[in-house]
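Peer 1: File target-v5.cif below, mmCIF, N, CA and C atoms:
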```
data_final
#
loop_
_atom_site.label_atom_id
_atom_site.label_comp_id
_atom_site.auth_asym_id
_atom_site.auth_seq_id
_atom_site.Cartn_x
_atom_site.Cartn_y
_atom_site.Cartn_z
N MET L 1 0.82 -1.20 0.00
CA MET L 1 0.00 0.00 0.00
C MET L 1 0.87 1.27 0.00
N LYS L 2 1.99 1.24 0.74
CA LYS L 2 2.88 2.39 0.78
C LYS L 2 3.51 2.63 -0.60
N HIS L 3 3.80 1.54 -1.29
CA HIS L 3 4.39 1.66 -2.63
C HIS L 3 3.41 2.33 -3.60
N LEU L 4 2.13 1.95 -3.53
CA LEU L 4 1.11 2.55 -4.38
C LEU L 4 0.93 4.02 -4.07
N ALA L 5 0.96 4.39 -2.80
CA ALA L 5 0.82 5.79 -2.40
C ALA L 5 2.01 6.61 -2.91
N ALA L 6 3.20 6.04 -2.86
CA ALA L 6 4.39 6.74 -3.34
C ALA L 6 4.32 6.97 -4.85
N VAL L 7 3.84 5.96 -5.59
CA VAL L 7 3.72 6.10 -7.04
C VAL L 7 2.68 7.17 -7.39
N LEU L 8 1.55 7.17 -6.71
CA LEU L 8 0.51 8.17 -6.97
C LEU L 8 1.00 9.57 -6.62
N LEU L 9 1.71 9.71 -5.51
CA LEU L 9 2.24 11.01 -5.12
C LEU L 9 3.24 11.52 -6.16
N THR L 10 4.08 10.64 -6.67
CA THR L 10 5.06 11.02 -7.69
C THR L 10 4.36 11.48 -8.97
N LEU L 11 3.34 10.76 -9.38
CA LEU L 11 2.60 11.14 -10.58
C LEU L 11 1.89 12.48 -10.42
N LEU L 12 1.44 12.79 -9.23
CA LEU L 12 0.78 14.07 -8.99
C LEU L 12 1.77 15.22 -8.96
N LEU L 13 2.99 14.98 -8.51
CA LEU L 13 3.98 16.06 -8.39
C LEU L 13 4.66 16.39 -9.72
N ILE L 14 4.76 15.47 -10.63
CA ILE L 14 5.43 15.74 -11.91
C ILE L 14 4.72 16.83 -12.70
N PRO L 15 3.39 16.80 -12.90
CA PRO L 15 2.75 17.89 -13.63
C PRO L 15 2.88 19.24 -12.91
N ALA L 16 2.88 19.25 -11.58
CA ALA L 16 3.04 20.51 -10.85
C ALA L 16 4.40 21.11 -11.10
N ASP L 17 5.42 20.28 -11.22
CA ASP L 17 6.76 20.75 -11.52
C ASP L 17 6.80 21.41 -12.90
N ARG L 18 6.10 20.86 -13.86
CA ARG L 18 6.08 21.41 -15.21
C ARG L 18 5.29 22.72 -15.26
N ILE L 19 4.27 22.86 -14.43
CA ILE L 19 3.46 24.08 -14.41
C ILE L 19 4.29 25.26 -13.93
N PHE L 20 5.14 25.05 -12.93
CA PHE L 20 5.90 26.14 -12.35
C PHE L 20 7.25 26.37 -13.01
N ALA L 21 7.62 25.53 -13.95
CA ALA L 21 8.90 25.69 -14.63
C ALA L 21 8.83 26.88 -15.59
N GLN L 22 9.91 27.67 -15.62
CA GLN L 22 9.96 28.80 -16.53
C GLN L 22 10.53 28.34 -17.87
N THR L 23 9.98 28.90 -18.91
CA THR L 23 10.54 28.63 -20.23
C THR L 23 11.45 29.79 -20.59
N ASN L 24 12.56 29.48 -21.20
CA ASN L 24 13.52 30.51 -21.58
C ASN L 24 13.43 30.83 -23.06
N THR L 25 12.22 31.01 -23.56
CA THR L 25 12.05 31.40 -24.94
C THR L 25 11.35 32.74 -25.00
N ALA L 26 11.48 33.39 -26.13
CA ALA L 26 10.91 34.73 -26.29
C ALA L 26 10.12 34.80 -27.61
N THR L 27 9.36 35.87 -27.72
CA THR L 27 8.60 36.18 -28.92
C THR L 27 9.09 37.52 -29.47
N ILE L 28 9.31 37.57 -30.78
CA ILE L 28 9.72 38.80 -31.46
C ILE L 28 8.59 39.20 -32.39
N SER L 29 8.20 40.48 -32.35
CA SER L 29 7.15 40.95 -33.26
C SER L 29 7.47 42.34 -33.77
N GLY L 30 6.71 42.76 -34.77
CA GLY L 30 6.90 44.09 -35.34
C GLY L 30 5.93 44.29 -36.49
N ILE L 31 6.09 45.41 -37.17
CA ILE L 31 5.25 45.73 -38.34
C ILE L 31 6.16 46.22 -39.45
N ILE L 32 5.88 45.77 -40.67
CA ILE L 32 6.67 46.15 -41.84
C ILE L 32 5.92 47.24 -42.61
N ARG L 33 6.63 48.34 -42.91
CA ARG L 33 6.01 49.44 -43.65
C ARG L 33 6.87 49.84 -44.84
N ASN L 34 6.22 50.47 -45.81
CA ASN L 34 6.90 51.05 -46.97
C ASN L 34 7.51 52.37 -46.51
N ASN L 35 8.80 52.54 -46.71
CA ASN L 35 9.48 53.76 -46.28
C ASN L 35 8.96 55.00 -47.01
N GLY L 36 8.48 54.83 -48.24
CA GLY L 36 7.99 55.97 -49.02
C GLY L 36 6.67 56.52 -48.51
N ASP L 37 5.63 55.69 -48.46
CA ASP L 37 4.30 56.18 -48.08
C ASP L 37 3.88 55.75 -46.69
N LYS L 38 4.73 55.01 -45.98
CA LYS L 38 4.49 54.56 -44.59
C LYS L 38 3.29 53.62 -44.47
N LEU L 39 2.84 53.03 -45.59
CA LEU L 39 1.75 52.06 -45.53
C LEU L 39 2.32 50.67 -45.21
N PRO L 40 1.52 49.82 -44.54
CA PRO L 40 2.00 48.47 -44.24
C PRO L 40 2.25 47.66 -45.51
N VAL L 41 3.22 46.76 -45.45
CA VAL L 41 3.54 45.88 -46.58
C VAL L 41 3.18 44.46 -46.16
N ALA L 42 2.28 43.83 -46.89
CA ALA L 42 1.82 42.48 -46.57
C ALA L 42 2.73 41.43 -47.22
N TYR L 43 2.78 40.26 -46.61
CA TYR L 43 3.46 39.08 -47.15
C TYR L 43 4.97 39.25 -47.31
N VAL L 44 5.58 39.98 -46.40
CA VAL L 44 7.03 40.15 -46.39
C VAL L 44 7.65 38.93 -45.71
N ASN L 45 8.72 38.38 -46.27
CA ASN L 45 9.44 37.27 -45.65
C ASN L 45 10.26 37.81 -44.48
N VAL L 46 10.04 37.26 -43.30
CA VAL L 46 10.76 37.67 -42.10
C VAL L 46 11.45 36.42 -41.55
N ILE L 47 12.78 36.43 -41.52
CA ILE L 47 13.50 35.27 -41.01
C ILE L 47 14.45 35.68 -39.89
N VAL L 48 14.71 34.74 -38.99
CA VAL L 48 15.65 34.95 -37.90
C VAL L 48 16.85 34.05 -38.17
N LYS L 49 18.04 34.66 -38.15
CA LYS L 49 19.29 33.93 -38.34
C LYS L 49 20.17 34.12 -37.12
N LYS L 50 21.00 33.14 -36.82
CA LYS L 50 22.00 33.29 -35.76
C LYS L 50 23.01 34.33 -36.22
N GLU L 51 23.37 35.24 -35.34
CA GLU L 51 24.31 36.29 -35.71
C GLU L 51 25.70 35.73 -35.99
N LYS L 52 26.08 34.68 -35.26
CA LYS L 52 27.43 34.13 -35.37
C LYS L 52 27.70 33.49 -36.73
N ASP L 53 26.80 32.62 -37.19
CA ASP L 53 27.07 31.88 -38.43
C ASP L 53 25.96 32.01 -39.48
N SER L 54 25.00 32.90 -39.27
CA SER L 54 23.87 33.11 -40.18
C SER L 54 23.03 31.86 -40.40
N GLY L 55 23.04 30.96 -39.43
CA GLY L 55 22.22 29.76 -39.52
C GLY L 55 20.74 30.10 -39.33
N PHE L 56 19.90 29.48 -40.14
CA PHE L 56 18.45 29.73 -40.07
C PHE L 56 17.90 29.22 -38.74
N VAL L 57 17.07 30.06 -38.08
CA VAL L 57 16.43 29.68 -36.83
C VAL L 57 14.94 29.47 -37.05
N THR L 58 14.26 30.47 -37.56
CA THR L 58 12.82 30.38 -37.84
C THR L 58 12.44 31.49 -38.81
N GLY L 59 11.23 31.44 -39.29
CA GLY L 59 10.77 32.46 -40.21
C GLY L 59 9.26 32.51 -40.28
N THR L 60 8.75 33.58 -40.85
CA THR L 60 7.31 33.76 -41.02
C THR L 60 7.08 34.75 -42.16
N VAL L 61 5.82 35.07 -42.40
CA VAL L 61 5.42 36.05 -43.41
C VAL L 61 4.51 37.05 -42.72
N SER L 62 4.69 38.33 -43.02
CA SER L 62 3.83 39.35 -42.41
C SER L 62 2.40 39.20 -42.92
N ASP L 63 1.44 39.57 -42.08
CA ASP L 63 0.03 39.45 -42.47
C ASP L 63 -0.40 40.65 -43.32
N GLU L 64 -1.70 40.76 -43.58
CA GLU L 64 -2.22 41.83 -44.45
C GLU L 64 -1.97 43.23 -43.90
N SER L 65 -1.83 43.33 -42.57
CA SER L 65 -1.57 44.63 -41.96
C SER L 65 -0.08 44.87 -41.73
N GLY L 66 0.77 44.00 -42.28
CA GLY L 66 2.22 44.16 -42.16
C GLY L 66 2.80 43.62 -40.86
N ARG L 67 1.98 43.06 -39.98
CA ARG L 67 2.46 42.57 -38.68
C ARG L 67 3.02 41.15 -38.80
N PHE L 68 4.03 40.88 -37.96
CA PHE L 68 4.60 39.54 -37.89
C PHE L 68 4.90 39.19 -36.44
N THR L 69 4.92 37.89 -36.14
CA THR L 69 5.25 37.38 -34.82
C THR L 69 6.07 36.11 -34.99
N LEU L 70 7.19 36.06 -34.29
CA LEU L 70 8.07 34.89 -34.29
C LEU L 70 8.18 34.39 -32.85
N SER L 71 7.78 33.14 -32.60
CA SER L 71 7.73 32.60 -31.24
C SER L 71 8.82 31.57 -31.00
N ASN L 72 8.99 31.24 -29.73
CA ASN L 72 9.93 30.20 -29.27
C ASN L 72 11.37 30.48 -29.69
N ILE L 73 11.83 31.71 -29.48
CA ILE L 73 13.20 32.09 -29.77
C ILE L 73 14.02 31.95 -28.49
N ALA L 74 15.04 31.11 -28.52
CA ALA L 74 15.91 30.90 -27.37
C ALA L 74 16.82 32.13 -27.17
N PRO L 75 17.31 32.35 -25.95
CA PRO L 75 18.23 33.47 -25.72
C PRO L 75 19.47 33.37 -26.61
N GLY L 76 19.91 34.52 -27.11
CA GLY L 76 21.09 34.58 -27.97
C GLY L 76 21.10 35.82 -28.83
N ASN L 77 22.11 35.93 -29.67
CA ASN L 77 22.25 37.04 -30.61
C ASN L 77 21.74 36.61 -31.97
N TYR L 78 20.84 37.41 -32.54
CA TYR L 78 20.21 37.06 -33.80
C TYR L 78 20.18 38.25 -34.75
N VAL L 79 19.91 37.95 -36.01
CA VAL L 79 19.65 38.97 -37.03
C VAL L 79 18.27 38.67 -37.61
N VAL L 80 17.39 39.67 -37.58
CA VAL L 80 16.07 39.55 -38.19
C VAL L 80 16.17 40.18 -39.56
N GLU L 81 15.85 39.40 -40.59
CA GLU L 81 15.99 39.85 -41.98
C GLU L 81 14.61 39.89 -42.64
N CYS L 82 14.29 41.05 -43.23
CA CYS L 82 12.99 41.26 -43.90
C CYS L 82 13.26 41.48 -45.38
N SER L 83 12.59 40.67 -46.23
CA SER L 83 12.80 40.81 -47.67
C SER L 83 11.49 40.65 -48.41
N TYR L 84 11.39 41.40 -49.50
CA TYR L 84 10.19 41.38 -50.34
C TYR L 84 10.57 41.87 -51.73
N THR L 85 9.99 41.29 -52.75
CA THR L 85 10.27 41.67 -54.13
C THR L 85 9.95 43.15 -54.34
N GLY L 86 10.87 43.87 -54.93
CA GLY L 86 10.68 45.29 -55.21
C GLY L 86 11.18 46.19 -54.10
N PHE L 87 11.71 45.60 -53.01
CA PHE L 87 12.23 46.38 -51.88
C PHE L 87 13.62 45.88 -51.53
N SER L 88 14.44 46.78 -50.96
CA SER L 88 15.76 46.38 -50.47
C SER L 88 15.58 45.56 -49.20
N THR L 89 16.42 44.53 -49.04
CA THR L 89 16.38 43.70 -47.84
C THR L 89 16.86 44.50 -46.65
N ARG L 90 16.18 44.35 -45.52
CA ARG L 90 16.52 45.08 -44.30
C ARG L 90 16.88 44.09 -43.21
N SER L 91 18.00 44.29 -42.54
CA SER L 91 18.45 43.43 -41.45
C SER L 91 18.55 44.24 -40.17
N GLN L 92 18.23 43.59 -39.04
CA GLN L 92 18.29 44.26 -37.74
C GLN L 92 18.78 43.26 -36.70
N SER L 93 19.81 43.64 -35.95
CA SER L 93 20.33 42.78 -34.88
C SER L 93 19.41 42.82 -33.67
N VAL L 94 19.24 41.65 -33.03
CA VAL L 94 18.40 41.54 -31.85
C VAL L 94 19.12 40.66 -30.83
N LEU L 95 19.23 41.15 -29.60
CA LEU L 95 19.77 40.37 -28.50
C LEU L 95 18.60 39.88 -27.66
N VAL L 96 18.38 38.57 -27.65
CA VAL L 96 17.30 37.97 -26.88
C VAL L 96 17.90 37.47 -25.58
N GLY L 97 17.44 38.03 -24.46
CA GLY L 97 17.91 37.61 -23.15
C GLY L 97 16.91 36.70 -22.47
N SER L 98 17.28 36.15 -21.34
CA SER L 98 16.39 35.25 -20.62
C SER L 98 15.45 35.99 -19.67
N SER L 99 15.67 37.28 -19.45
CA SER L 99 14.82 38.02 -18.52
C SER L 99 13.57 38.61 -19.16
N ASN L 100 13.54 38.73 -20.48
CA ASN L 100 12.40 39.31 -21.18
C ASN L 100 11.84 38.27 -22.14
N SER L 101 10.50 38.14 -22.16
CA SER L 101 9.89 37.12 -23.02
C SER L 101 9.23 37.71 -24.26
N PHE L 102 9.23 39.05 -24.41
CA PHE L 102 8.59 39.67 -25.56
C PHE L 102 9.43 40.84 -26.05
N TYR L 103 9.74 40.83 -27.35
CA TYR L 103 10.53 41.89 -27.97
C TYR L 103 9.74 42.48 -29.13
N ASP L 104 9.38 43.76 -29.01
CA ASP L 104 8.66 44.45 -30.08
C ASP L 104 9.67 45.31 -30.84
N LEU L 105 9.90 44.97 -32.09
CA LEU L 105 10.86 45.72 -32.90
C LEU L 105 10.26 47.00 -33.46
N GLY L 106 8.98 47.21 -33.22
CA GLY L 106 8.32 48.41 -33.71
C GLY L 106 8.14 48.37 -35.21
N SER L 107 8.30 49.51 -35.85
CA SER L 107 8.12 49.63 -37.29
C SER L 107 9.44 49.42 -38.00
N ILE L 108 9.44 48.51 -38.98
CA ILE L 108 10.61 48.28 -39.82
C ILE L 108 10.25 48.78 -41.21
N ASP L 109 10.93 49.83 -41.66
CA ASP L 109 10.62 50.45 -42.95
C ASP L 109 11.50 49.87 -44.05
N LEU L 110 10.86 49.37 -45.11
CA LEU L 110 11.57 48.84 -46.27
C LEU L 110 11.67 49.92 -47.35
N GLN L 111 12.85 50.03 -47.94
CA GLN L 111 13.10 51.02 -48.99
C GLN L 111 12.76 50.42 -50.35
N PRO L 112 11.84 51.05 -51.13
CA PRO L 112 11.55 50.52 -52.48
C PRO L 112 12.78 50.59 -53.37
N LYS L 113 12.95 49.57 -54.21
CA LYS L 113 14.04 49.56 -55.19
C LYS L 113 13.56 50.25 -56.45
N GLU L 114 14.41 51.07 -56.99
CA GLU L 114 14.10 51.76 -58.24
C GLU L 114 14.79 51.01 -59.37
N ALA L 115 14.04 50.43 -60.27
CA ALA L 115 14.61 49.73 -61.42
C ALA L 115 14.16 50.46 -62.68
N VAL L 116 15.12 50.89 -63.44
CA VAL L 116 14.81 51.63 -64.66
C VAL L 116 15.25 50.78 -65.86
N LEU L 117 14.32 50.54 -66.75
CA LEU L 117 14.63 49.81 -67.97
C LEU L 117 15.06 50.80 -69.04
N LYS L 118 16.04 50.42 -69.84
CA LYS L 118 16.51 51.31 -70.89
C LYS L 118 15.51 51.39 -72.03
N GLU L 119 15.07 50.24 -72.49
CA GLU L 119 14.13 50.26 -73.60
C GLU L 119 13.50 48.88 -73.73
N VAL L 120 12.32 48.87 -74.26
CA VAL L 120 11.59 47.62 -74.54
C VAL L 120 11.23 47.64 -76.01
N VAL L 121 11.54 46.54 -76.72
CA VAL L 121 11.23 46.42 -78.13
C VAL L 121 10.22 45.30 -78.31
N VAL L 122 9.10 45.62 -78.97
CA VAL L 122 8.07 44.63 -79.26
C VAL L 122 8.04 44.44 -80.76
N THR L 123 8.21 43.21 -81.19
CA THR L 123 8.17 42.91 -82.62
C THR L 123 7.15 41.82 -82.88
N SER L 124 6.65 41.84 -84.12
CA SER L 124 5.70 40.79 -84.49
C SER L 124 5.90 40.43 -85.95
N ARG L 125 5.43 39.27 -86.34
CA ARG L 125 5.49 38.81 -87.72
C ARG L 125 4.10 38.39 -88.15
N PRO L 126 3.80 38.63 -89.40
CA PRO L 126 2.51 38.13 -89.87
C PRO L 126 2.55 36.60 -89.97
N ASP L 127 1.43 35.99 -89.71
CA ASP L 127 1.33 34.53 -89.83
C ASP L 127 1.46 34.11 -91.28
N GLU L 128 2.17 33.05 -91.52
CA GLU L 128 2.28 32.53 -92.89
C GLU L 128 1.11 31.61 -93.15
N VAL L 129 0.51 31.81 -94.32
CA VAL L 129 -0.66 31.03 -94.69
C VAL L 129 -0.32 29.90 -95.59
#
```
Mind converting the file's structure to structure tokens?
Peer 2:
Amino acid sequence: MKHLAAVLLTLLLIPADRIFAQTNTATISGIIRNNGDKLPVAYVNVIVKKEKDSGFVTGTVSDESGRFTLSNIAPGNYVVECSYTGFSTRSQSVLVGSSNSFYDLGSIDLQPKEAVLKEVVVTSRPDEV
């Protein structure tokens, strides 16, 4: 009977230990805007890389309002990289510590790329019958 009581007590204490355990991960969020008109940019690729070796950690895509959220980031030094077709890629260093669980990067403004074409030539041939 004592053995059964000990097993039951152990099973009851294990979940309590997990409830009170702290997790050492953080969430990074922000909003992506167009530097020209300050409007949000949707569907921007946002990735987190290790600062030391540029190894991929996680990534997401901004929503229709330009907002993004990256969860479960372990403490360390990272680079958040935002890229989208027609805009210059923007990188920002982030130090994730164990004392803070939420990092708001605020507004990240992407600079539009100016591409100028020299000339376009359109030619056609009549169909041969």
Peer 1: For the structure shown, which residues end up in the PyMOL selection byres (((chain L and resi 75 and name CA) around 7) and name CA)? Put them as a ChimeraX atom specification, please?
Peer 2: /L:24-25,73-74,76,96-98
Peer 1: For CA of Gly30 (chain L) and atom N of Glu114 (chain L), quote the distance in Å rounded to one decimal.
Peer 2: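 Going from CA of Gly30 (chain L) over to atom N of Glu114 (chain L) covers 24.0 Å.
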Peer 1: Taking the file as shown, what set of residues would the PyMOL selection byres ((chain L and resi 49) around 6.5) give back, as JSON, numbers by chain?
Peer 2: {"L": [47, 48, 50, 51, 52, 54, 55, 56, 57, 58, 77, 78, 79, 80, 81]}
Peer 1: Which residues fall under the PyMOL selection byres ((chain L and resi 84-88) around 6.5) in this file, as a ChimeraX atom specification?
Peer 2: /L:43-45,82-83,89-90,110-113
Peer 1: Using CA of Glu64 (chain L) and CA of Gly106 (chain L) as the two end points, give the distance in Å to one decimal.
Peer 2: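 Value for the CA of Glu64 (chain L)-CA of Gly106 (chain L) distance: 16.4 Å.
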Peer 1: I'd like the interatomic distance between CA of Val41 (chain L) and CA of Ile108 (chain L), to a tenth of an Å.
Peer 2: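 A separation of 10.1 Å between them.
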Peer 1: Would you pick out the contacts of Arg33 (chain L) at 6 Å or less, using all atoms listed in the file, so that residues sharing its chain but fewer than 2 positions from it are not included, and give the list as a compact mmCIF listing (two decimals) with N, CA and C atoms, in the coordinates of the input?
Peer 2:
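Generated output (selection_22.txt):
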```txt
# COMPACT_ATOMS: atom_id res chain seq x y z
N ILE L 31 6.09 45.41 -37.17
CA ILE L 31 5.25 45.73 -38.34
C ILE L 31 6.16 46.22 -39.45
N ASN L 35 8.80 52.54 -46.71
CA ASN L 35 9.48 53.76 -46.28
C ASN L 35 8.96 55.00 -47.01
N LYS L 38 4.73 55.01 -45.98
CA LYS L 38 4.49 54.56 -44.59
C LYS L 38 3.29 53.62 -44.47
N LEU L 39 2.84 53.03 -45.59
CA LEU L 39 1.75 52.06 -45.53
C LEU L 39 2.32 50.67 -45.21
N PRO L 40 1.52 49.82 -44.54
CA PRO L 40 2.00 48.47 -44.24
C PRO L 40 2.25 47.66 -45.51
N VAL L 41 3.22 46.76 -45.45
CA VAL L 41 3.54 45.88 -46.58
C VAL L 41 3.18 44.46 -46.16
N SER L 107 8.30 49.51 -35.85
CA SER L 107 8.12 49.63 -37.29
C SER L 107 9.44 49.42 -38.00
N ILE L 108 9.44 48.51 -38.98
CA ILE L 108 10.61 48.28 -39.82
C ILE L 108 10.25 48.78 -41.21
N ASP L 109 10.93 49.83 -41.66
CA ASP L 109 10.62 50.45 -42.95
C ASP L 109 11.50 49.87 -44.05
N LEU L 110 10.86 49.37 -45.11
CA LEU L 110 11.57 48.84 -46.27
C LEU L 110 11.67 49.92 -47.35
```
Peer 1: Tell me which of L:Asp104, L:Ser124, L:Thr27, L:Phe68 sits closest to Val46 (chain L), counting only C-alpha atoms.
Peer 2: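 With only C-alpha atoms as the atom set, the closest residue is L:Phe68.
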Peer 1: Please run DSSP on the backbone and report, as a PyMOL selection string, all residues within chain L that come out as strand (DSSP E).
Peer 2: chain L and resi 26-34+45-50+56-61+67-73+76-83+90-96+102-110
Peer 1: Go through L:Gln92, L:Tyr103, L:Ser29, L:Gly36 and flag the residue nearest Val61 (chain L), using only C-alpha atoms for the distances.
Peer 2: L:Ser29
Peer 1: Considering all atoms listed in the file, can you say which of L:Ser65, L:Asn100, L:Ser93, L:Thr60 comes closest to Ile32 (chain L)?
Peer 2: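 Looking only at the distances to Ile32 (chain L), the closest residue turns out to be L:Ser65.
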Peer 1: I need the residues in region 5-127 of chain L that are helix (DSSP H, G or I) according to DSSP; give them as a PyMOL selection string.
Peer 2: chain L and resi 5-20
Peer 1: Given all atoms listed in the file as the basis, pick out the residue of L:Leu95, L:Ala115, L:Leu70, L:Leu105 nearest to Ala26 (chain L).
Peer 2: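 Of the candidates, the smallest distance to Ala26 (chain L) is held by L:Leu70.
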Peer 1: Give the answer as one residue: which of L:Phe102, L:Asp37, L:Val129, L:Ser71 has the shortest atom-to-atom distance to Gly59 (chain L), using all atoms listed in the file?
Peer 2: L:Ser71
